[in-house]
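J.: Below is coords.cif; it holds mmCIF, C-alpha atoms.
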```cif
data_protein
#
loop_
_atom_site.group_PDB
_atom_site.id
_atom_site.type_symbol
_atom_site.label_atom_id
_atom_site.label_comp_id
_atom_site.auth_asym_id
_atom_site.auth_seq_id
_atom_site.Cartn_x
_atom_site.Cartn_y
_atom_site.Cartn_z
ATOM 1 C CA MET A 20 -6.132 -93.153 46.473
ATOM 2 C CA SER A 21 -8.751 -95.280 48.237
ATOM 3 C CA ARG A 22 -10.184 -98.464 46.759
ATOM 4 C CA ASN A 23 -13.519 -96.718 46.100
ATOM 5 C CA GLU A 24 -11.824 -94.021 44.070
ATOM 6 C CA SER A 25 -9.832 -96.556 42.083
ATOM 7 C CA LEU A 26 -12.967 -98.492 41.219
ATOM 8 C CA LEU A 27 -14.831 -95.313 40.293
ATOM 9 C CA LEU A 28 -11.968 -94.212 38.084
ATOM 10 C CA ALA A 29 -11.883 -97.622 36.399
ATOM 11 C CA ILE A 30 -15.652 -97.481 35.776
ATOM 12 C CA ILE A 31 -15.446 -93.964 34.314
ATOM 13 C CA PHE A 32 -12.564 -95.060 32.105
ATOM 14 C CA PHE A 33 -14.542 -98.106 31.003
ATOM 15 C CA ILE A 34 -17.642 -96.033 30.183
ATOM 16 C CA THR A 35 -15.496 -93.572 28.227
ATOM 17 C CA VAL A 36 -13.944 -96.395 26.236
ATOM 18 C CA ILE A 37 -17.365 -97.958 25.521
ATOM 19 C CA THR A 38 -18.712 -94.591 24.385
ATOM 20 C CA TRP A 39 -15.704 -94.102 22.156
ATOM 21 C CA ILE A 40 -16.195 -97.566 20.659
ATOM 22 C CA ILE A 41 -19.886 -96.842 19.986
ATOM 23 C CA LEU A 42 -19.069 -93.500 18.368
ATOM 24 C CA GLY A 43 -16.376 -95.137 16.264
ATOM 25 C CA ILE A 44 -18.802 -97.826 15.120
ATOM 26 C CA TYR A 45 -21.467 -95.229 14.345
ATOM 27 C CA ARG A 46 -18.989 -93.203 12.299
ATOM 28 C CA ALA A 47 -17.753 -96.273 10.423
ATOM 29 C CA ASN A 48 -21.343 -97.235 9.694
ATOM 30 C CA THR A 49 -22.414 -93.838 8.399
ATOM 31 C CA GLU A 50 -19.281 -92.640 6.623
ATOM 32 C CA SER A 51 -19.538 -93.338 2.900
ATOM 33 C CA THR A 52 -16.547 -94.740 1.063
ATOM 34 C CA VAL A 53 -17.833 -93.552 -2.309
ATOM 35 C CA THR A 54 -15.821 -90.576 -3.496
ATOM 36 C CA SER A 55 -17.316 -87.459 -5.023
ATOM 37 C CA THR A 56 -15.757 -88.391 -8.385
ATOM 38 C CA GLN A 57 -17.517 -91.762 -8.315
ATOM 39 C CA GLN A 58 -20.802 -90.093 -7.377
ATOM 40 C CA GLU A 59 -20.362 -87.792 -10.352
ATOM 41 C CA GLU A 60 -19.609 -90.749 -12.621
ATOM 42 C CA ILE A 61 -22.656 -92.796 -11.617
ATOM 43 C CA ARG A 62 -25.079 -89.960 -12.193
ATOM 44 C CA PRO A 63 -27.826 -91.355 -14.459
ATOM 45 C CA LEU A 64 -27.607 -90.486 -18.131
ATOM 46 C CA ASN A 65 -30.637 -89.761 -20.243
ATOM 47 C CA ALA A 66 -29.984 -91.771 -23.398
ATOM 48 C CA GLU A 67 -32.849 -90.313 -25.390
ATOM 49 C CA PHE A 68 -32.640 -87.365 -27.728
ATOM 50 C CA ASP A 69 -35.603 -85.141 -28.416
ATOM 51 C CA THR A 70 -36.087 -85.842 -32.122
ATOM 52 C CA LYS A 71 -38.958 -83.333 -32.364
ATOM 53 C CA ILE A 72 -36.555 -80.481 -31.681
ATOM 54 C CA ILE A 73 -34.150 -81.803 -34.310
ATOM 55 C CA GLN A 74 -36.989 -82.049 -36.810
ATOM 56 C CA SER A 75 -38.070 -78.488 -36.047
ATOM 57 C CA LEU A 76 -34.439 -77.360 -36.424
ATOM 58 C CA GLN A 77 -34.277 -79.057 -39.833
ATOM 59 C CA GLN A 78 -37.290 -77.039 -40.943
ATOM 60 C CA ARG A 79 -35.575 -73.800 -39.959
ATOM 61 C CA GLU A 80 -33.557 -71.733 -42.342
ATOM 62 C CA MET B 24 31.330 -97.263 79.433
ATOM 63 C CA ASN B 25 30.976 -100.894 78.510
ATOM 64 C CA LYS B 26 31.234 -101.675 74.865
ATOM 65 C CA GLU B 27 28.217 -103.992 74.988
ATOM 66 C CA ASN B 28 25.954 -101.135 76.149
ATOM 67 C CA ILE B 29 26.806 -98.927 73.251
ATOM 68 C CA PRO B 30 23.755 -98.791 70.919
ATOM 69 C CA PRO B 31 24.448 -99.785 67.353
ATOM 70 C CA ALA B 32 24.907 -96.962 64.856
ATOM 71 C CA LYS B 33 21.828 -96.229 62.771
ATOM 72 C CA THR B 34 22.391 -97.361 59.211
ATOM 73 C CA LYS B 35 20.043 -96.645 56.358
ATOM 74 C CA PHE B 36 18.553 -99.885 55.062
ATOM 75 C CA THR B 37 17.986 -99.998 51.359
ATOM 76 C CA PRO B 38 16.262 -103.170 50.263
ATOM 77 C CA SER B 39 17.299 -104.745 47.022
ATOM 78 C CA ALA B 40 14.855 -105.156 44.148
ATOM 79 C CA SER B 41 14.074 -108.757 44.963
ATOM 80 C CA GLN B 42 13.492 -107.919 48.603
ATOM 81 C CA SER B 43 11.221 -105.024 47.640
ATOM 82 C CA GLY B 44 9.249 -107.250 45.266
ATOM 83 C CA THR B 45 8.850 -109.904 47.905
ATOM 84 C CA SER B 46 7.587 -107.425 50.476
ATOM 85 C CA SER B 47 5.117 -105.913 47.963
ATOM 86 C CA TYR B 48 3.879 -109.364 47.141
ATOM 87 C CA ARG B 49 3.419 -110.090 50.815
ATOM 88 C CA ARG B 50 1.494 -106.857 51.252
ATOM 89 C CA LEU B 51 -0.625 -107.658 48.243
ATOM 90 C CA GLY B 52 -1.332 -111.098 49.616
ATOM 91 C CA GLU B 53 -2.438 -109.611 52.893
ATOM 92 C CA LEU B 54 -4.677 -107.164 51.116
ATOM 93 C CA ILE B 55 -6.242 -109.861 49.016
ATOM 94 C CA LYS B 56 -7.011 -111.794 52.076
ATOM 95 C CA GLU B 57 -9.542 -109.208 52.961
ATOM 96 C CA LYS B 58 -12.630 -110.326 51.076
ATOM 97 C CA LYS B 59 -14.053 -106.890 50.343
ATOM 98 C CA MET B 60 -10.711 -105.613 49.213
ATOM 99 C CA ALA B 61 -10.362 -108.594 46.922
ATOM 100 C CA SER B 62 -13.731 -107.844 45.338
ATOM 101 C CA TYR B 63 -12.815 -104.209 44.758
ATOM 102 C CA LEU B 64 -9.500 -105.193 43.273
ATOM 103 C CA THR B 65 -11.088 -107.780 41.004
ATOM 104 C CA LEU B 66 -13.689 -105.317 39.780
ATOM 105 C CA THR B 67 -11.167 -102.560 39.205
ATOM 106 C CA LEU B 68 -8.823 -104.865 37.340
ATOM 107 C CA THR B 69 -11.728 -106.235 35.290
ATOM 108 C CA PHE B 70 -12.788 -102.763 34.181
ATOM 109 C CA VAL B 71 -9.225 -101.709 33.472
ATOM 110 C CA THR B 72 -8.579 -104.873 31.448
ATOM 111 C CA LEU B 73 -11.830 -104.536 29.520
ATOM 112 C CA SER B 74 -11.066 -100.890 28.834
ATOM 113 C CA PHE B 75 -7.556 -101.721 27.696
ATOM 114 C CA PHE B 76 -8.678 -104.429 25.312
ATOM 115 C CA GLY B 77 -11.626 -102.362 24.217
ATOM 116 C CA LEU B 78 -9.313 -99.507 23.373
ATOM 117 C CA PHE B 79 -6.543 -101.383 21.608
ATOM 118 C CA ALA B 80 -8.221 -104.539 20.299
ATOM 119 C CA ILE B 81 -12.014 -104.479 20.219
ATOM 120 C CA ARG B 82 -12.498 -100.951 18.850
ATOM 121 C CA PRO B 83 -10.142 -101.213 15.848
ATOM 122 C CA THR B 84 -11.442 -104.687 15.040
ATOM 123 C CA LEU B 85 -15.090 -103.662 15.155
ATOM 124 C CA ILE B 86 -14.473 -100.497 13.152
ATOM 125 C CA THR B 87 -12.513 -102.408 10.509
ATOM 126 C CA ALA B 88 -15.187 -105.092 10.278
ATOM 127 C CA ILE B 89 -18.027 -102.580 9.967
ATOM 128 C CA SER B 90 -16.115 -100.438 7.465
ATOM 129 C CA LEU B 91 -15.397 -103.481 5.329
ATOM 130 C CA THR B 92 -19.012 -104.642 5.450
ATOM 131 C CA ARG B 93 -20.177 -101.192 4.464
ATOM 132 C CA SER B 94 -17.580 -100.970 1.708
ATOM 133 C CA VAL B 95 -18.700 -104.312 0.300
ATOM 134 C CA SER B 96 -22.344 -103.226 0.112
ATOM 135 C CA GLU B 97 -21.439 -99.811 -1.283
ATOM 136 C CA LEU B 98 -19.138 -101.286 -3.899
ATOM 137 C CA ALA B 99 -21.853 -103.751 -4.929
ATOM 138 C CA ASP B 100 -24.248 -100.803 -5.373
ATOM 139 C CA LEU B 101 -21.566 -98.892 -7.214
ATOM 140 C CA LYS B 102 -20.990 -101.835 -9.544
ATOM 141 C CA ASN B 103 -24.701 -101.978 -10.385
ATOM 142 C CA GLN B 104 -24.831 -98.252 -10.998
ATOM 143 C CA TYR B 105 -21.746 -98.393 -13.211
ATOM 144 C CA GLU B 106 -23.331 -101.232 -15.192
ATOM 145 C CA ASN B 107 -26.497 -99.162 -15.613
ATOM 146 C CA LYS B 108 -24.402 -96.213 -16.720
ATOM 147 C CA ILE B 109 -22.551 -98.338 -19.247
ATOM 148 C CA GLY B 110 -25.906 -99.548 -20.597
ATOM 149 C CA ASP B 111 -27.097 -95.934 -20.815
ATOM 150 C CA ILE B 112 -23.938 -94.909 -22.650
ATOM 151 C CA ILE B 113 -24.325 -97.755 -25.158
ATOM 152 C CA ARG B 114 -27.962 -96.773 -25.724
ATOM 153 C CA ALA B 115 -26.982 -93.114 -26.045
ATOM 154 C CA GLN B 116 -24.317 -94.088 -28.576
ATOM 155 C CA GLY B 117 -26.979 -95.875 -30.641
ATOM 156 C CA GLU B 118 -29.277 -92.862 -30.426
ATOM 157 C CA TYR B 119 -26.413 -90.543 -31.311
ATOM 158 C CA GLU B 120 -25.692 -92.544 -34.454
ATOM 159 C CA LYS B 121 -29.288 -91.925 -35.513
ATOM 160 C CA ILE B 122 -28.957 -88.166 -35.223
ATOM 161 C CA ARG B 123 -25.284 -87.852 -36.201
ATOM 162 C CA GLU B 124 -26.198 -86.006 -39.411
ATOM 163 C CA SER B 125 -28.168 -83.450 -37.428
ATOM 164 C CA VAL B 126 -25.338 -82.589 -35.014
ATOM 165 C CA PRO B 127 -24.120 -79.604 -37.118
ATOM 166 C CA LEU B 128 -27.681 -78.291 -36.921
ATOM 167 C CA ILE B 129 -27.571 -78.424 -33.134
ATOM 168 C CA ASP B 130 -24.164 -76.740 -33.139
ATOM 169 C CA ALA B 131 -25.528 -74.008 -35.365
ATOM 170 C CA ALA B 132 -28.561 -73.540 -33.127
ATOM 171 C CA LEU B 133 -26.621 -73.503 -29.896
ATOM 172 C CA PRO B 134 -22.867 -73.040 -30.417
ATOM 173 C CA GLU B 135 -20.230 -73.791 -27.796
ATOM 174 C CA THR B 136 -18.752 -70.307 -28.047
ATOM 175 C CA PRO B 137 -20.584 -66.959 -28.214
ATOM 176 C CA SER B 138 -19.935 -66.893 -32.018
ATOM 177 C CA PHE B 139 -20.951 -63.252 -32.247
ATOM 178 C CA ASP B 140 -19.364 -63.065 -35.717
ATOM 179 C CA THR B 141 -21.727 -65.718 -37.096
ATOM 180 C CA LEU B 142 -24.589 -63.931 -35.341
ATOM 181 C CA SER B 143 -23.761 -60.622 -37.019
ATOM 182 C CA GLN B 144 -23.153 -62.347 -40.373
ATOM 183 C CA GLY B 145 -26.491 -64.130 -40.068
ATOM 184 C CA LEU B 146 -28.322 -60.930 -39.190
ATOM 185 C CA GLU B 147 -26.699 -59.215 -42.172
ATOM 186 C CA ARG B 148 -27.457 -62.105 -44.541
ATOM 187 C CA LEU B 149 -31.129 -62.114 -43.550
ATOM 188 C CA ALA B 150 -31.245 -58.334 -43.956
ATOM 189 C CA GLN B 151 -29.787 -58.588 -47.466
ATOM 190 C CA LYS B 152 -32.227 -61.327 -48.339
ATOM 191 C CA ASN B 153 -35.162 -59.164 -47.242
ATOM 192 C CA THR B 154 -33.690 -55.911 -48.582
ATOM 193 C CA LEU B 155 -33.612 -54.346 -45.152
ATOM 194 C CA SER B 156 -30.817 -51.887 -44.567
ATOM 195 C CA ILE B 157 -29.045 -52.205 -41.256
ATOM 196 C CA ILE B 158 -28.239 -48.832 -39.746
ATOM 197 C CA GLN B 159 -26.767 -50.004 -36.493
ATOM 198 C CA LEU B 160 -25.943 -53.295 -34.826
ATOM 199 C CA GLN B 161 -24.795 -53.548 -31.235
ATOM 200 C CA ILE B 162 -23.709 -56.703 -29.505
ATOM 201 C CA GLU B 163 -23.121 -56.914 -25.784
ATOM 202 C CA PRO B 164 -19.477 -57.668 -24.811
ATOM 203 C CA VAL B 165 -18.818 -61.402 -24.800
ATOM 204 C CA PRO B 166 -15.746 -63.446 -23.843
ATOM 205 C CA LEU B 167 -13.556 -64.287 -26.819
ATOM 206 C CA SER B 168 -11.524 -66.997 -25.110
ATOM 207 C CA LYS B 169 -12.996 -70.429 -24.775
ATOM 208 C CA THR B 170 -14.882 -70.643 -21.517
ATOM 209 C CA PRO B 171 -14.588 -73.817 -19.436
ATOM 210 C CA PHE B 172 -17.365 -76.403 -19.603
ATOM 211 C CA THR B 173 -20.216 -75.464 -17.312
ATOM 212 C CA GLY B 174 -23.140 -77.353 -18.798
ATOM 213 C CA SER B 175 -25.316 -74.289 -18.392
ATOM 214 C CA LEU B 176 -26.823 -71.964 -20.948
ATOM 215 C CA LYS B 177 -25.235 -68.537 -21.356
ATOM 216 C CA GLN B 178 -26.651 -65.574 -23.182
ATOM 217 C CA TYR B 179 -25.850 -62.133 -24.506
ATOM 218 C CA ASP B 180 -28.028 -59.354 -25.830
ATOM 219 C CA PHE B 181 -27.917 -57.582 -29.154
ATOM 220 C CA SER B 182 -29.828 -54.706 -30.651
ATOM 221 C CA LEU B 183 -30.342 -53.860 -34.285
ATOM 222 C CA THR B 184 -31.702 -50.809 -36.006
ATOM 223 C CA GLY B 185 -32.759 -51.044 -39.630
ATOM 224 C CA ARG B 186 -34.798 -49.389 -42.292
ATOM 225 C CA GLY B 187 -37.258 -50.867 -44.738
ATOM 226 C CA THR B 188 -40.845 -51.165 -45.803
ATOM 227 C CA TYR B 189 -43.465 -52.850 -43.688
ATOM 228 C CA LEU B 190 -43.296 -56.035 -45.768
ATOM 229 C CA THR B 191 -39.516 -56.057 -45.553
ATOM 230 C CA VAL B 192 -39.553 -55.632 -41.791
ATOM 231 C CA ASN B 193 -42.268 -58.248 -41.435
ATOM 232 C CA SER B 194 -40.417 -60.863 -43.462
ATOM 233 C CA TYR B 195 -37.140 -60.027 -41.710
ATOM 234 C CA VAL B 196 -38.677 -60.584 -38.281
ATOM 235 C CA LYS B 197 -40.264 -63.836 -39.505
ATOM 236 C CA ASP B 198 -36.907 -64.987 -40.824
ATOM 237 C CA LEU B 199 -35.276 -64.099 -37.526
ATOM 238 C CA LEU B 200 -37.839 -66.163 -35.638
ATOM 239 C CA ASN B 201 -37.336 -69.013 -38.081
ATOM 240 C CA TRP B 202 -33.556 -68.794 -37.990
ATOM 241 C CA LYS B 203 -31.470 -71.859 -37.127
ATOM 242 C CA ARG B 204 -29.512 -69.912 -34.552
ATOM 243 C CA VAL B 205 -31.619 -69.745 -31.413
ATOM 244 C CA VAL B 206 -32.405 -66.117 -30.683
ATOM 245 C CA ILE B 207 -35.194 -64.635 -28.650
ATOM 246 C CA LEU B 208 -36.585 -61.261 -29.637
ATOM 247 C CA SER B 209 -37.316 -59.310 -26.490
ATOM 248 C CA GLY B 210 -38.280 -56.008 -28.083
ATOM 249 C CA LEU B 211 -39.535 -54.742 -31.412
ATOM 250 C CA ASP B 212 -40.114 -51.080 -32.132
ATOM 251 C CA ILE B 213 -41.378 -49.885 -35.517
ATOM 252 C CA ALA B 214 -41.682 -46.202 -36.332
ATOM 253 C CA HIS B 215 -41.971 -43.963 -39.373
ATOM 254 C CA ASP B 216 -38.649 -42.888 -40.705
ATOM 255 C CA GLU B 217 -38.733 -39.120 -40.262
ATOM 256 C CA ALA B 218 -36.216 -38.543 -43.009
ATOM 257 C CA THR B 219 -38.475 -39.904 -45.750
ATOM 258 C CA THR B 220 -42.087 -39.679 -46.724
ATOM 259 C CA SER B 221 -42.033 -42.810 -48.856
ATOM 260 C CA GLY B 222 -43.491 -45.167 -46.266
ATOM 261 C CA MET B 223 -40.143 -46.399 -45.058
ATOM 262 C CA LEU B 224 -40.085 -47.696 -41.496
ATOM 263 C CA ARG B 225 -37.369 -47.593 -38.913
ATOM 264 C CA VAL B 226 -37.227 -50.810 -36.922
ATOM 265 C CA SER B 227 -35.407 -51.423 -33.656
ATOM 266 C CA ILE B 228 -35.022 -55.026 -32.611
ATOM 267 C CA LYS B 229 -33.703 -56.190 -29.259
ATOM 268 C CA GLY B 230 -32.828 -59.814 -28.877
ATOM 269 C CA THR B 231 -30.894 -62.399 -26.929
ATOM 270 C CA ALA B 232 -28.544 -64.998 -28.386
ATOM 271 C CA TYR B 233 -27.529 -68.157 -26.561
ATOM 272 C CA TYR B 234 -24.542 -70.464 -26.359
ATOM 273 C CA GLU B 235 -23.566 -73.398 -24.220
ATOM 274 C CA PRO B 236 -19.887 -73.765 -23.335
#
```
Could I get this file's structure written as structure tokens?
T.:
Amino acid sequence: MSRNESLLLAIIFFITVITWIILGIYRANTESTVTSTQQEEIRPLNAEFDTKIIQSLQQRE
Amino acid sequence: MNKENIPPAKTKFTPSASQSGTSSYRRLGELIKEKKMASYLTLTLTFVTLSFFGLFAIRPTLITAISLTRSVSELADLKNQYENKIGDIIRAQGEYEKIRESVPLIDAALPETPSFDTLSQGLERLAQKNTLSIIQLQIEPVPLSKTPFTGSLKQYDFSLTGRGTYLTVNSYVKDLLNWKRVVILSGLDIAHDEATTSGMLRVSIKGTAYYEP
């Protein structure tokens, strides 16, 4: 293997490693750590009841 | 033939490890002496070293650091959202206390199970109240076992055929519409009862009952 080939191989290896690092960083930055159970749990809750419906139900037989 | 003229026997020379290392080092030294070669070697070794450290040291460190930073921000958000949810639950509990007495009403209007027996009993009770005779009552097949929680409204159809005067039918339909149990009347057919000439009507009612498992 000539010195040119060795250098080229080293550069390609380096670029591959850099790309892999960037992809790893991108993935770590975009991947959410919140589980689906937690997402379900934090879903907003409407704390108000429609009293008009209850009143109309009370008037029913 | 003179002994001195005899050429020495060819013996295979196998250098020892230290000798081999020394010769390699010498060769390396000679190579490095060439300036261009030295530059190539330096560059190649630099890239290889950077790649090696990038692969086994920089990448895991960066990924861990970024993951932790992201986790911290996400957990802070999560904490806020949990606090909001807790506040909502406390408020909902207060609101629930206000309507606690009306909960049986809601259960009666929209039961958790199909409760077809209470539906038929209710239809019969209203018919008795309005002096309407029920000739036939059909209820669509419904599951008897408790269905798992879905949070969605389910429905089943029923049809009723009865006989009575116009006033009876009218008040029965009004009572049905004003019934606690939520039912929707999708069809109403009133016709003269052929069997009698006394102004009796034959009424066919189609409706839908609801429940929420």
J.: For a quick test of understanding: name the residues of chain B lying within 6 Å of chain A when counting all atoms listed in the file, and present them as number ranges by chain.
T.: B: 67, 70-71, 74, 82, 86, 90, 104-105, 111, 114-115, 201-203
J.: Please report the interatomic distance between CA of Ile157 (chain B) and CA of Gly230 (chain B) in Å with one decimal.
T.: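 Computing it gives 15.0 Å between the two atoms.
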J.: Hey, can you check how far CA of Thr231 (chain B) sits from CA of Asp180 (chain B)?
T.: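 Distance between the two atoms: 4.3 Å.
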J.: Do you have the CA of Ala132 (chain B)-CA of Val205 (chain B) distance handy?
T.: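 Taking CA of Ala132 (chain B) as the start and CA of Val205 (chain B) as the end point, the length is 5.2 Å.
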J.: Do a neighbour search on Gln151 (chain B) at 12 Å with all atoms listed in the file, toss out local chain neighbours closer than 6 positions, and write the hits as a PDB file with C-alpha atoms, in the coordinates of the input.
T.:
```pdb
ATOM      1  CA  GLN B 144     -23.153 -62.347 -40.373  1.00  0.00           C
ATOM      2  CA  GLY B 145     -26.491 -64.130 -40.068  1.00  0.00           C
ATOM      3  CA  ILE B 157     -29.045 -52.205 -41.256  1.00  0.00           C
ATOM      4  CA  GLY B 185     -32.759 -51.044 -39.630  1.00  0.00           C
ATOM      5  CA  ARG B 186     -34.798 -49.389 -42.292  1.00  0.00           C
ATOM      6  CA  GLY B 187     -37.258 -50.867 -44.738  1.00  0.00           C
ATOM      7  CA  THR B 191     -39.516 -56.057 -45.553  1.00  0.00           C
ATOM      8  CA  VAL B 192     -39.553 -55.632 -41.791  1.00  0.00           C
ATOM      9  CA  SER B 194     -40.417 -60.863 -43.462  1.00  0.00           C
ATOM     10  CA  TYR B 195     -37.140 -60.027 -41.710  1.00  0.00           C
ATOM     11  CA  ASP B 198     -36.907 -64.987 -40.824  1.00  0.00           C
TER      12      ASP B 198
END
```
J.: Exactly which residues make up the result of the PyMOL selection byres ((chain B and resi 196) around 12) on this file, given as a PyMOL selection string?
T.: chain B and resi 146+149-150+152-153+155+183+185+187+189-195+197-202+206-213+226-230
J.: Anything within 6 Å of (-42.1, -48.7, -40.3): list those residues as a ChimeraX atom specification, counting all atoms listed in the file and sticking to the file's coordinates.
T.: /B:189,213-215,223-225
J.: Output C-alpha atoms for every residue in that selection, as a PDB file, in the frame of the given file.
T.:
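The resulting file, part04.pdb, is shown below:
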```pdb
ATOM      1  CA  TYR B 189     -43.465 -52.850 -43.688  1.00  0.00           C
ATOM      2  CA  ILE B 213     -41.378 -49.885 -35.517  1.00  0.00           C
ATOM      3  CA  ALA B 214     -41.682 -46.202 -36.332  1.00  0.00           C
ATOM      4  CA  HIS B 215     -41.971 -43.963 -39.373  1.00  0.00           C
ATOM      5  CA  MET B 223     -40.143 -46.399 -45.058  1.00  0.00           C
ATOM      6  CA  LEU B 224     -40.085 -47.696 -41.496  1.00  0.00           C
ATOM      7  CA  ARG B 225     -37.369 -47.593 -38.913  1.00  0.00           C
TER       8      ARG B 225
END
```
J.: So which residues get picked by the PyMOL selection byres ((chain B and resi 235) around 10) here, written as a PyMOL selection string?
T.: chain B and resi 130+133-137+170+172-178+233-234+236
J.: Take the residues from that selection and write them out as a short mmCIF file (atom, residue, chain, number, x, y, z; two decimals), keeping the file's coordinate frame, keeping C-alpha atoms.
T.:
```
data_model
loop_
_atom_site.label_atom_id
_atom_site.label_comp_id
_atom_site.auth_asym_id
_atom_site.auth_seq_id
_atom_site.Cartn_x
_atom_site.Cartn_y
_atom_site.Cartn_z
CA ASP B 130 -24.16 -76.74 -33.14
CA LEU B 133 -26.62 -73.50 -29.90
CA PRO B 134 -22.87 -73.04 -30.42
CA GLU B 135 -20.23 -73.79 -27.80
CA THR B 136 -18.75 -70.31 -28.05
CA PRO B 137 -20.58 -66.96 -28.21
CA THR B 170 -14.88 -70.64 -21.52
CA PHE B 172 -17.36 -76.40 -19.60
CA THR B 173 -20.22 -75.46 -17.31
CA GLY B 174 -23.14 -77.35 -18.80
CA SER B 175 -25.32 -74.29 -18.39
CA LEU B 176 -26.82 -71.96 -20.95
CA LYS B 177 -25.24 -68.54 -21.36
CA GLN B 178 -26.65 -65.57 -23.18
CA TYR B 233 -27.53 -68.16 -26.56
CA TYR B 234 -24.54 -70.46 -26.36
CA PRO B 236 -19.89 -73.76 -23.34
#
```
